$ cat query_18.cif   # mmCIF, C-alpha atoms
data_model
loop_
_atom_site.label_atom_id
_atom_site.label_comp_id
_atom_site.auth_asym_id
_atom_site.auth_seq_id
_atom_site.Cartn_x
_atom_site.Cartn_y
_atom_site.Cartn_z
CA MET Y 1 49.53 91.43 84.79
CA ALA Y 2 50.43 90.43 81.22
CA ASP Y 3 49.66 86.92 80.07
CA SER Y 4 52.52 86.14 77.76
CA SER Y 5 52.30 82.36 77.49
CA ALA Y 6 50.41 80.62 74.66
CA PRO Y 7 46.62 80.70 75.13
CA THR Y 8 44.91 77.77 76.83
CA ARG Y 9 43.27 75.72 74.08
CA VAL Y 10 39.87 74.50 75.22
CA MET Y 11 38.06 71.96 73.07
CA MET Y 12 34.32 71.75 73.47
CA ALA Y 13 32.06 69.06 72.08
CA VAL Y 14 28.73 70.58 71.08
CA ASN Y 15 25.52 68.93 69.98
CA GLU Y 16 22.04 69.88 68.89
CA SER Y 17 18.94 69.94 71.05
CA SER Y 18 16.97 66.71 70.87
CA LEU Y 19 13.82 68.73 71.60
CA LYS Y 20 14.23 71.64 69.25
CA GLY Y 21 16.52 69.98 66.70
CA TYR Y 22 19.04 71.74 64.46
CA PRO Y 23 20.32 74.38 64.55
CA HIS Y 24 19.59 74.78 68.28
CA PRO Y 25 22.39 73.81 70.68
CA SER Y 26 21.37 71.40 73.44
CA ILE Y 27 20.63 72.78 76.89
CA SER Y 28 23.68 70.93 78.27
CA CYS Y 29 26.20 72.33 75.84
CA ARG Y 30 24.85 75.86 75.89
CA SER Y 31 24.94 75.81 79.66
CA ALA Y 32 28.49 74.37 79.63
CA PHE Y 33 29.56 77.12 77.21
CA ASP Y 34 28.09 79.91 79.35
CA TRP Y 35 29.65 78.44 82.47
CA MET Y 36 33.07 78.23 80.83
CA LEU Y 37 32.93 81.86 79.72
CA SER Y 38 31.87 83.26 83.07
CA LYS Y 39 33.91 81.00 85.36
CA LEU Y 40 37.09 80.12 83.46
CA VAL Y 41 37.70 82.61 80.67
CA ARG Y 42 36.27 85.53 82.70
CA SER Y 43 37.87 88.79 81.52
CA ASN Y 44 40.96 87.00 80.20
CA THR Y 45 39.70 86.71 76.60
CA ASP Y 46 43.22 86.71 75.15
CA GLY Y 47 44.27 83.82 77.36
CA PHE Y 48 41.93 81.29 75.77
CA HIS Y 49 41.43 79.80 72.35
CA LEU Y 50 38.21 77.82 71.90
CA LEU Y 51 37.82 74.80 69.64
CA PHE Y 52 34.29 73.62 68.86
CA LEU Y 53 33.73 70.11 67.59
CA HIS Y 54 30.35 68.87 66.46
CA VAL Y 55 30.06 65.15 65.79
CA GLN Y 56 27.24 64.25 63.44
CA VAL Y 57 25.71 60.88 64.17
CA PRO Y 58 24.59 58.85 61.16
CA ASP Y 59 20.79 59.03 61.43
CA GLU Y 60 19.57 55.55 62.32
CA ASP Y 61 15.91 56.40 62.67
CA GLY Y 62 15.59 58.77 59.80
CA PHE Y 63 12.45 60.37 61.22
CA ASP Y 64 13.30 63.65 59.57
CA ASP Y 65 13.56 61.98 56.26
CA MET Y 66 10.46 59.82 56.43
CA ASP Y 67 8.84 61.66 53.58
CA SER Y 68 11.93 61.74 51.45
CA ILE Y 69 12.28 59.52 48.42
CA TYR Y 70 15.69 58.15 47.63
CA ALA Y 71 15.68 57.25 43.98
CA SER Y 72 19.25 57.87 42.98
CA PRO Y 73 22.74 58.32 44.45
CA THR Y 74 22.31 62.08 44.20
CA ASP Y 75 19.34 61.93 46.59
CA PHE Y 76 21.66 60.55 49.26
CA GLN Y 77 24.23 63.10 48.32
CA SER Y 78 21.77 65.95 48.86
CA MET Y 79 20.70 64.47 52.22
CA LYS Y 80 24.34 64.45 53.35
CA GLN Y 81 24.72 67.99 52.09
CA ARG Y 82 21.66 69.04 54.12
CA ASP Y 83 23.07 67.40 57.27
CA LYS Y 84 26.32 69.20 56.79
CA ILE Y 85 24.59 72.56 56.48
CA ARG Y 86 22.62 71.95 59.68
CA GLY Y 87 25.85 71.10 61.54
CA ILE Y 88 27.39 74.31 60.30
CA HIS Y 89 24.41 76.30 61.54
CA LEU Y 90 24.86 74.78 64.99
CA LEU Y 91 28.53 75.78 65.10
CA GLU Y 92 27.64 79.25 63.89
CA TYR Y 93 25.94 79.95 67.23
CA PHE Y 94 29.17 79.40 69.16
CA VAL Y 95 31.48 81.10 66.69
CA ASN Y 96 29.21 84.17 66.66
CA GLU Y 97 29.25 84.34 70.45
CA CYS Y 98 33.05 84.12 70.55
CA HIS Y 99 33.37 86.77 67.87
CA ARG Y 100 31.09 89.08 69.85
CA LEU Y 101 33.25 88.60 72.96
CA GLY Y 102 36.57 88.83 71.15
CA ILE Y 103 37.68 85.26 71.85
CA LYS Y 104 39.62 83.42 69.16
CA CYS Y 105 38.00 80.17 68.06
CA GLU Y 106 37.81 77.42 65.47
CA ALA Y 107 34.93 75.06 64.71
CA TRP Y 108 34.54 71.91 62.65
CA THR Y 109 32.30 68.88 62.17
CA LYS Y 110 33.07 65.15 62.03
CA HIS Y 111 30.93 62.08 61.48
CA GLY Y 112 30.73 58.99 63.66
CA ASP Y 113 30.19 57.79 67.21
CA PRO Y 114 30.55 60.99 69.31
CA LYS Y 115 32.57 59.47 72.16
CA GLU Y 116 35.04 57.77 69.83
CA VAL Y 117 35.37 60.77 67.55
CA ILE Y 118 35.84 63.22 70.44
CA CYS Y 119 38.68 61.17 71.95
CA HIS Y 120 40.23 60.75 68.51
CA GLU Y 121 40.10 64.50 67.89
CA VAL Y 122 41.65 65.18 71.30
CA LYS Y 123 44.54 62.94 70.28
CA ARG Y 124 44.91 64.75 66.97
CA VAL Y 125 44.38 68.38 68.10
CA GLN Y 126 45.93 68.06 71.59
CA PRO Y 127 43.90 70.72 73.43
CA ASP Y 128 44.79 71.67 77.01
CA LEU Y 129 41.28 70.90 78.21
CA LEU Y 130 38.16 69.13 76.97
CA VAL Y 131 34.75 70.45 78.06
CA VAL Y 132 31.77 68.11 77.90
CA GLY Y 133 28.26 68.89 78.97
CA SER Y 134 26.33 66.15 80.70
CA ARG Y 135 22.60 65.70 81.16
CA GLY Y 136 23.31 64.54 84.70
CA LEU Y 137 21.03 61.52 84.41
CA GLY Y 138 20.53 59.10 87.24
CA PRO Y 139 21.98 55.58 87.15
CA PHE Y 140 18.77 54.08 85.78
CA GLN Y 141 18.54 56.46 82.85
CA ARG Y 142 22.25 56.17 82.24
CA VAL Y 143 21.95 52.49 81.34
CA PHE Y 144 19.78 53.24 78.34
CA VAL Y 145 21.27 56.49 77.24
CA GLY Y 146 24.98 55.83 77.65
CA THR Y 147 27.10 58.83 78.37
CA VAL Y 148 29.66 60.45 76.19
CA SER Y 149 31.05 62.36 79.16
CA GLU Y 150 31.89 59.26 81.20
CA PHE Y 151 33.76 57.74 78.28
CA CYS Y 152 35.71 60.94 77.64
CA VAL Y 153 36.72 61.37 81.30
CA LYS Y 154 38.27 57.90 81.16
CA HIS Y 155 39.77 57.88 77.69
CA ALA Y 156 40.52 61.42 76.48
CA GLU Y 157 44.23 62.21 76.62
CA CYS Y 158 43.81 65.58 78.35
CA PRO Y 159 42.08 66.97 81.44
CA VAL Y 160 38.30 66.80 81.08
CA ILE Y 161 35.68 68.97 82.69
CA THR Y 162 32.17 67.59 83.05
CA ILE Y 163 29.43 70.18 83.44
CA LYS Y 164 26.06 68.86 84.44
CA ARG Y 165 22.89 70.56 83.32
CA LYS Y 166 21.32 72.55 86.14
CA ALA Y 167 18.23 70.99 87.69
CA ASN Y 168 16.11 74.03 86.85
CA GLU Y 169 17.13 73.79 83.20
CA ALA Y 170 16.19 70.14 82.80
CA PRO Y 171 13.18 69.42 80.61
CA GLN Y 172 10.36 67.24 81.95
CA ASP Y 173 11.84 64.08 80.45
CA PRO Y 174 15.53 64.17 81.44
CA ILE Y 175 16.50 62.37 78.27
CA ASP Y 176 15.38 65.41 76.27
CA ASP Y 177 17.95 68.14 76.02
CA MET D 1 39.84 94.33 80.79
CA ALA D 2 38.72 94.53 84.40
CA ASP D 3 37.29 91.44 86.01
CA SER D 4 34.64 92.85 88.27
CA SER D 5 32.55 89.77 89.01
CA ALA D 6 33.14 87.63 92.11
CA PRO D 7 36.21 85.37 91.82
CA THR D 8 35.73 81.80 90.56
CA ARG D 9 35.91 79.55 93.61
CA VAL D 10 37.86 76.41 92.81
CA MET D 11 37.88 73.58 95.34
CA MET D 12 40.72 71.12 95.11
CA ALA D 13 40.97 67.83 96.93
CA VAL D 14 44.59 67.15 97.87
CA ASN D 15 46.22 64.05 99.31
CA GLU D 16 49.61 62.86 100.43
CA SER D 17 52.02 60.78 98.39
CA SER D 18 51.69 57.06 99.04
CA LEU D 19 55.39 56.69 98.20
CA LYS D 20 56.90 59.53 100.15
CA GLY D 21 54.18 59.91 102.79
CA TYR D 22 53.33 63.08 104.69
CA PRO D 23 53.87 65.95 104.23
CA HIS D 24 54.52 65.35 100.50
CA PRO D 25 51.61 65.95 98.13
CA SER D 26 50.86 63.08 95.73
CA ILE D 27 52.14 63.31 92.16
CA SER D 28 48.53 63.50 90.90
CA CYS D 29 47.45 66.40 93.03
CA ARG D 30 50.65 68.40 92.59
CA SER D 31 50.40 67.93 88.85
CA ALA D 32 46.69 68.93 88.91
CA PHE D 33 47.60 72.04 90.93
CA ASP D 34 50.35 73.10 88.52
CA TRP D 35 48.08 72.49 85.54
CA MET D 36 45.31 74.57 87.06
CA LEU D 37 47.64 77.50 87.71
CA SER D 38 49.18 77.55 84.25
CA LYS D 39 46.10 76.69 82.17
CA LEU D 40 43.12 78.14 84.04
CA VAL D 41 44.25 80.83 86.47
CA ARG D 42 47.04 82.02 84.15
CA SER D 43 47.77 85.71 84.84
CA ASN D 44 44.28 86.30 86.24
CA THR D 45 45.27 85.77 89.88
CA ASP D 46 42.53 88.07 91.18
CA GLY D 47 39.85 86.13 89.31
CA PHE D 48 40.27 82.93 91.30
CA HIS D 49 39.91 81.88 94.91
CA LEU D 50 41.31 78.45 95.74
CA LEU D 51 39.91 76.12 98.39
CA PHE D 52 42.06 73.17 99.46
CA LEU D 53 40.45 70.21 101.18
CA HIS D 54 42.46 67.35 102.60
CA VAL D 55 40.49 64.32 103.72
CA GLN D 56 42.29 62.24 106.29
CA VAL D 57 41.47 58.55 106.06
CA PRO D 58 41.28 56.67 109.36
CA ASP D 59 44.40 54.51 109.29
CA GLU D 60 43.25 50.89 108.91
CA ASP D 61 46.67 49.32 108.65
CA GLY D 62 48.43 51.36 111.24
CA PHE D 63 51.87 50.53 109.82
CA ASP D 64 53.23 53.82 111.01
CA ASP D 65 52.12 53.09 114.50
CA MET D 66 53.31 49.50 114.75
CA ASP D 67 55.83 50.36 117.40
CA SER D 68 53.51 52.57 119.35
CA ILE D 69 52.02 51.46 122.61
CA TYR D 70 48.52 52.52 123.44
CA ALA D 71 48.17 52.33 127.14
CA SER D 72 45.73 55.10 127.86
CA PRO D 73 43.14 57.36 126.18
CA THR D 74 45.74 60.11 125.92
CA ASP D 75 47.91 57.84 123.72
CA PHE D 76 45.12 57.78 121.16
CA GLN D 77 44.65 61.47 121.60
CA SER D 78 48.28 62.14 120.79
CA MET D 79 48.09 59.89 117.71
CA LYS D 80 45.14 61.93 116.43
CA GLN D 81 47.03 65.10 117.20
CA ARG D 82 50.02 63.84 115.20
CA ASP D 83 47.77 62.98 112.20
CA LYS D 84 46.30 66.43 112.32
CA ILE D 85 49.71 68.07 112.27
CA ARG D 86 50.75 66.00 109.24
CA GLY D 87 47.60 67.04 107.37
CA ILE D 88 48.35 70.65 108.16
CA HIS D 89 51.88 70.28 106.78
CA LEU D 90 50.45 68.93 103.53
CA LEU D 91 48.11 71.89 103.16
CA GLU D 92 50.96 74.26 103.95
CA TYR D 93 52.59 73.37 100.61
CA PHE D 94 49.59 74.62 98.64
CA VAL D 95 48.88 77.66 100.79
CA ASN D 96 52.54 78.74 100.52
CA GLU D 97 52.44 78.42 96.74
CA CYS D 98 49.27 80.51 96.52
CA HIS D 99 50.72 83.13 98.84
CA ARG D 100 53.84 83.35 96.67
CA LEU D 101 51.68 83.87 93.55
CA GLY D 102 49.24 86.28 95.17
CA ILE D 103 46.19 84.02 94.88
CA LYS D 104 43.66 84.06 97.70
CA CYS D 105 43.06 80.67 99.26
CA GLU D 106 41.66 78.70 102.18
CA ALA D 107 42.57 75.21 103.35
CA TRP D 108 41.10 72.75 105.80
CA THR D 109 41.09 69.07 106.77
CA LYS D 110 38.24 66.61 107.33
CA HIS D 111 38.12 62.96 108.34
CA GLY D 112 36.36 60.14 106.59
CA ASP D 113 35.91 58.42 103.22
CA PRO D 114 37.46 60.88 100.73
CA LYS D 115 34.81 60.55 97.99
CA GLU D 116 31.91 60.97 100.42
CA VAL D 117 33.55 63.83 102.29
CA ILE D 118 34.53 65.69 99.12
CA CYS D 119 30.97 65.57 97.75
CA HIS D 120 29.61 66.59 101.14
CA GLU D 121 31.98 69.56 101.30
CA VAL D 122 31.00 70.59 97.76
CA LYS D 123 27.41 70.69 98.91
CA ARG D 124 28.34 72.76 101.97
CA VAL D 125 30.89 75.17 100.43
CA GLN D 126 29.32 75.41 96.93
CA PRO D 127 32.45 76.06 94.86
CA ASP D 128 32.16 76.88 91.15
CA LEU D 129 34.45 74.03 90.22
CA LEU D 130 35.94 70.93 91.82
CA VAL D 131 39.40 69.78 90.70
CA VAL D 132 40.39 66.17 91.29
CA GLY D 133 43.62 64.53 90.27
CA SER D 134 43.45 61.00 88.98
CA ARG D 135 46.13 58.33 88.72
CA GLY D 136 44.73 57.40 85.31
CA LEU D 137 44.76 53.71 86.08
CA GLY D 138 43.59 51.11 83.58
CA PRO D 139 40.30 49.24 84.08
CA PHE D 140 42.04 46.31 85.76
CA GLN D 141 43.77 48.40 88.37
CA ARG D 142 40.68 50.49 88.84
CA VAL D 143 38.73 47.52 90.19
CA PHE D 144 41.03 47.17 93.14
CA VAL D 145 41.83 50.76 93.79
CA GLY D 146 38.45 52.40 93.27
CA THR D 147 38.54 55.98 92.14
CA VAL D 148 37.56 59.05 94.01
CA SER D 149 37.46 61.03 90.77
CA GLU D 150 34.82 58.83 89.09
CA PHE D 151 32.56 59.11 92.11
CA CYS D 152 32.94 62.90 92.27
CA VAL D 153 32.23 63.38 88.55
CA LYS D 154 28.92 61.59 89.06
CA HIS D 155 27.87 62.90 92.42
CA ALA D 156 29.43 66.30 93.16
CA GLU D 157 26.94 69.13 92.76
CA CYS D 158 29.23 71.32 90.65
CA PRO D 159 31.31 71.00 87.48
CA VAL D 160 34.25 68.64 88.02
CA ILE D 161 37.58 68.58 86.26
CA THR D 162 39.54 65.35 86.23
CA ILE D 163 43.26 65.69 85.63
CA LYS D 164 45.14 62.50 84.94
CA ARG D 165 48.73 62.10 85.98
CA LYS D 166 51.07 62.38 83.00
CA ALA D 167 52.55 59.10 81.77
CA ASN D 168 56.10 60.34 82.32
CA GLU D 169 55.30 61.23 85.92
CA ALA D 170 53.88 57.83 86.81
CA PRO D 171 55.95 55.73 89.20
CA GLN D 172 56.85 52.15 88.26
CA ASP D 173 53.84 50.74 90.07
CA PRO D 174 50.91 52.89 88.93
CA ILE D 175 49.18 52.43 92.26
CA ASP D 176 51.98 54.41 93.91
CA ASP D 177 51.54 58.14 93.73
#
$ encode --input "query_18.cif" --output "structure tokens"
Amino acid sequence: MADSSAPTRVMMAVNESSLKGYPHPSISCRSAFDWMLSKLVRSNTDGFHLLFLHVQVPDEDGFDDMDSIYASPTDFQSMKQRDKIRGIHLLEYFVNECHRLGIKCEAWTKHGDPKEVICHEVKRVQPDLLVVGSRGLGPFQRVFVGTVSEFCVKHAECPVITIKRKANEAPQDPIDD
Amino acid sequence: MADSSAPTRVMMAVNESSLKGYPHPSISCRSAFDWMLSKLVRSNTDGFHLLFLHVQVPDEDGFDDMDSIYASPTDFQSMKQRDKIRGIHLLEYFVNECHRLGIKCEAWTKHGDPKEVICHEVKRVQPDLLVVGSRGLGPFQRVFVGTVSEFCVKHAECPVITIKRKANEAPQDPIDD
């Protein structure tokens, strides 16, 4: 049967692995991406248009930059430039996969608090669906970690799908991803 | 492209309208159903298998039965029988729609606390996805109403999609549905 209506626009928030760092996608978002392809898009590659958003969080700890010396405004500039490049490498993973499968997509980065930025981008871009991966932490861990997915389910102005990481994919410390 | 893998099994929790009563589906769940058909299933009707669950809540107020007289065990029996028939009428709406569109489906009723029963049925039936409609109430209203969707997002052992009722479909009192 032909699918003549406009494709379903699915926005997906992707982030880097806290274990492996850039440019590796986190276990949660890679698993959410695979799930979406096999269970929602299926063979209907023309029926979906994927939108990948990566929100870069201003680095509060600066562990990666501990050995860096900031002596001039251009040092900060080059740090920002480096961050940007790493974000682009992360998005490249998803765009390459879509290209391989013949699914149309777009990808972009933003800076700020992920939950706020995601909901703001939903308002601006108006996707049909927002996909967020979740580490599936218990209530105790949730207190300290906070969850982007919970916030988005409540506040995003479109249907939201929460995909928990599978138990067998969870690293030893569930906060790692 | 052929879609040879097993269909995606989508479980949907449906309930009756609190305004119109049985056998009318609530605004939230009818809107979630329509959204799912147009945005996820699309033309790929063979790729999806829909599972409709209606959880009947033991009637605590008994408004409907205020004029009834319970004089024997069979009176209670006939009340239960009547409830069951109303639940079946509700499910009929969804099964008819699926039949019309050529989508395979199953439907059944259970009794109990909706959020507990839904998560229990997810565990038993193991769908690929659970769809729950939400009235999209504000934090103040949420305190009094409690939300099935929030509980399911946290506890159901499968990905969960929360679909809020559209603002223009909301009745004057947002608790009505």
$ resolve_selection --input "query_18.cif" --expression "the PyMOL selection byres ((chain Y and resi 122) around 12)" --output "PDB file with C-alpha atoms, in the frame of the given file"
ATOM      1  CA  ARG Y   9      43.270  75.720  74.080  1.00  0.00           C
ATOM      2  CA  VAL Y  10      39.870  74.500  75.220  1.00  0.00           C
ATOM      3  CA  MET Y  11      38.060  71.960  73.070  1.00  0.00           C
ATOM      4  CA  MET Y  12      34.320  71.750  73.470  1.00  0.00           C
ATOM      5  CA  ALA Y  13      32.060  69.060  72.080  1.00  0.00           C
ATOM      6  CA  LEU Y  51      37.820  74.800  69.640  1.00  0.00           C
ATOM      7  CA  PHE Y  52      34.290  73.620  68.860  1.00  0.00           C
ATOM      8  CA  LEU Y  53      33.730  70.110  67.590  1.00  0.00           C
ATOM      9  CA  LYS Y 115      32.570  59.470  72.160  1.00  0.00           C
ATOM     10  CA  GLU Y 116      35.040  57.770  69.830  1.00  0.00           C
ATOM     11  CA  VAL Y 117      35.370  60.770  67.550  1.00  0.00           C
ATOM     12  CA  ILE Y 118      35.840  63.220  70.440  1.00  0.00           C
ATOM     13  CA  CYS Y 119      38.680  61.170  71.950  1.00  0.00           C
ATOM     14  CA  HIS Y 120      40.230  60.750  68.510  1.00  0.00           C
ATOM     15  CA  GLU Y 121      40.100  64.500  67.890  1.00  0.00           C
ATOM     16  CA  LYS Y 123      44.540  62.940  70.280  1.00  0.00           C
ATOM     17  CA  ARG Y 124      44.910  64.750  66.970  1.00  0.00           C
ATOM     18  CA  VAL Y 125      44.380  68.380  68.100  1.00  0.00           C
ATOM     19  CA  GLN Y 126      45.930  68.060  71.590  1.00  0.00           C
ATOM     20  CA  PRO Y 127      43.900  70.720  73.430  1.00  0.00           C
ATOM     21  CA  ASP Y 128      44.790  71.670  77.010  1.00  0.00           C
ATOM     22  CA  LEU Y 129      41.280  70.900  78.210  1.00  0.00           C
ATOM     23  CA  LEU Y 130      38.160  69.130  76.970  1.00  0.00           C
ATOM     24  CA  VAL Y 131      34.750  70.450  78.060  1.00  0.00           C
ATOM     25  CA  CYS Y 152      35.710  60.940  77.640  1.00  0.00           C
ATOM     26  CA  VAL Y 153      36.720  61.370  81.300  1.00  0.00           C
ATOM     27  CA  HIS Y 155      39.770  57.880  77.690  1.00  0.00           C
ATOM     28  CA  ALA Y 156      40.520  61.420  76.480  1.00  0.00           C
ATOM     29  CA  GLU Y 157      44.230  62.210  76.620  1.00  0.00           C
ATOM     30  CA  CYS Y 158      43.810  65.580  78.350  1.00  0.00           C
ATOM     31  CA  PRO Y 159      42.080  66.970  81.440  1.00  0.00           C
ATOM     32  CA  VAL Y 160      38.300  66.800  81.080  1.00  0.00           C
TER      33      VAL Y 160
END
$ interface_residues --input "query_18.cif" --of "chain D" --to "chain Y" --cutoff "8 Å" --atoms "only C-alpha atoms" --output "list in words"
Met1, Ala2, Asp3, Thr8, Lys39, Leu40, Val41, Arg42, Ser43, Asn44, Gly47, Asp128, Gly136, Val153, Lys154, Cys158, Pro159, Val160, Ile161, Thr162, Ile163 and Lys164 of chain D
$ atom_distance --input "query_18.cif" --atom1 "atom CA of Glu92 of chain Y" --atom2 "atom CA of Asp113 of chain Y"
21.9 Å
$ atom_distance --input "query_18.cif" --atom1 "atom CA of Arg86 of chain D" --atom2 "atom CA of Tyr22 of chain D"
6.0 Å
$ closest_residue --input "query_18.cif" --among "D:Leu19, D:Val14, D:Leu37, D:Cys29" --to "Gly102 of chain D" --atoms "all atoms listed in the file"
D:Leu37
$ atom_distance --input "query_18.cif" --atom1 "atom CA of Pro25 of chain Y" --atom2 "atom CA of Leu101 of chain Y"
18.5 Å
$ resolve_selection --input "query_18.cif" --expression "the PyMOL selection byres ((chain Y and resi 93) around 12)" --output "short mmCIF file (atom, residue, chain, number, x, y, z; two decimals) with C-alpha atoms, in the frame of the given file"
data_model
loop_
_atom_site.label_atom_id
_atom_site.label_comp_id
_atom_site.auth_asym_id
_atom_site.auth_seq_id
_atom_site.Cartn_x
_atom_site.Cartn_y
_atom_site.Cartn_z
CA VAL Y 14 28.73 70.58 71.08
CA ASN Y 15 25.52 68.93 69.98
CA GLU Y 16 22.04 69.88 68.89
CA TYR Y 22 19.04 71.74 64.46
CA PRO Y 23 20.32 74.38 64.55
CA HIS Y 24 19.59 74.78 68.28
CA PRO Y 25 22.39 73.81 70.68
CA SER Y 26 21.37 71.40 73.44
CA CYS Y 29 26.20 72.33 75.84
CA ARG Y 30 24.85 75.86 75.89
CA PHE Y 33 29.56 77.12 77.21
CA PHE Y 52 34.29 73.62 68.86
CA HIS Y 54 30.35 68.87 66.46
CA ARG Y 86 22.62 71.95 59.68
CA GLY Y 87 25.85 71.10 61.54
CA ILE Y 88 27.39 74.31 60.30
CA HIS Y 89 24.41 76.30 61.54
CA LEU Y 90 24.86 74.78 64.99
CA LEU Y 91 28.53 75.78 65.10
CA GLU Y 92 27.64 79.25 63.89
CA PHE Y 94 29.17 79.40 69.16
CA VAL Y 95 31.48 81.10 66.69
CA ASN Y 96 29.21 84.17 66.66
CA GLU Y 97 29.25 84.34 70.45
CA CYS Y 98 33.05 84.12 70.55
CA HIS Y 99 33.37 86.77 67.87
CA ARG Y 100 31.09 89.08 69.85
CA ALA Y 107 34.93 75.06 64.71
#
$ resolve_selection --input "query_18.cif" --expression "the PyMOL selection byres ((chain D and resi 56) around 6)" --output "JSON, numbers by chain"
{"D": [55, 57, 111]}
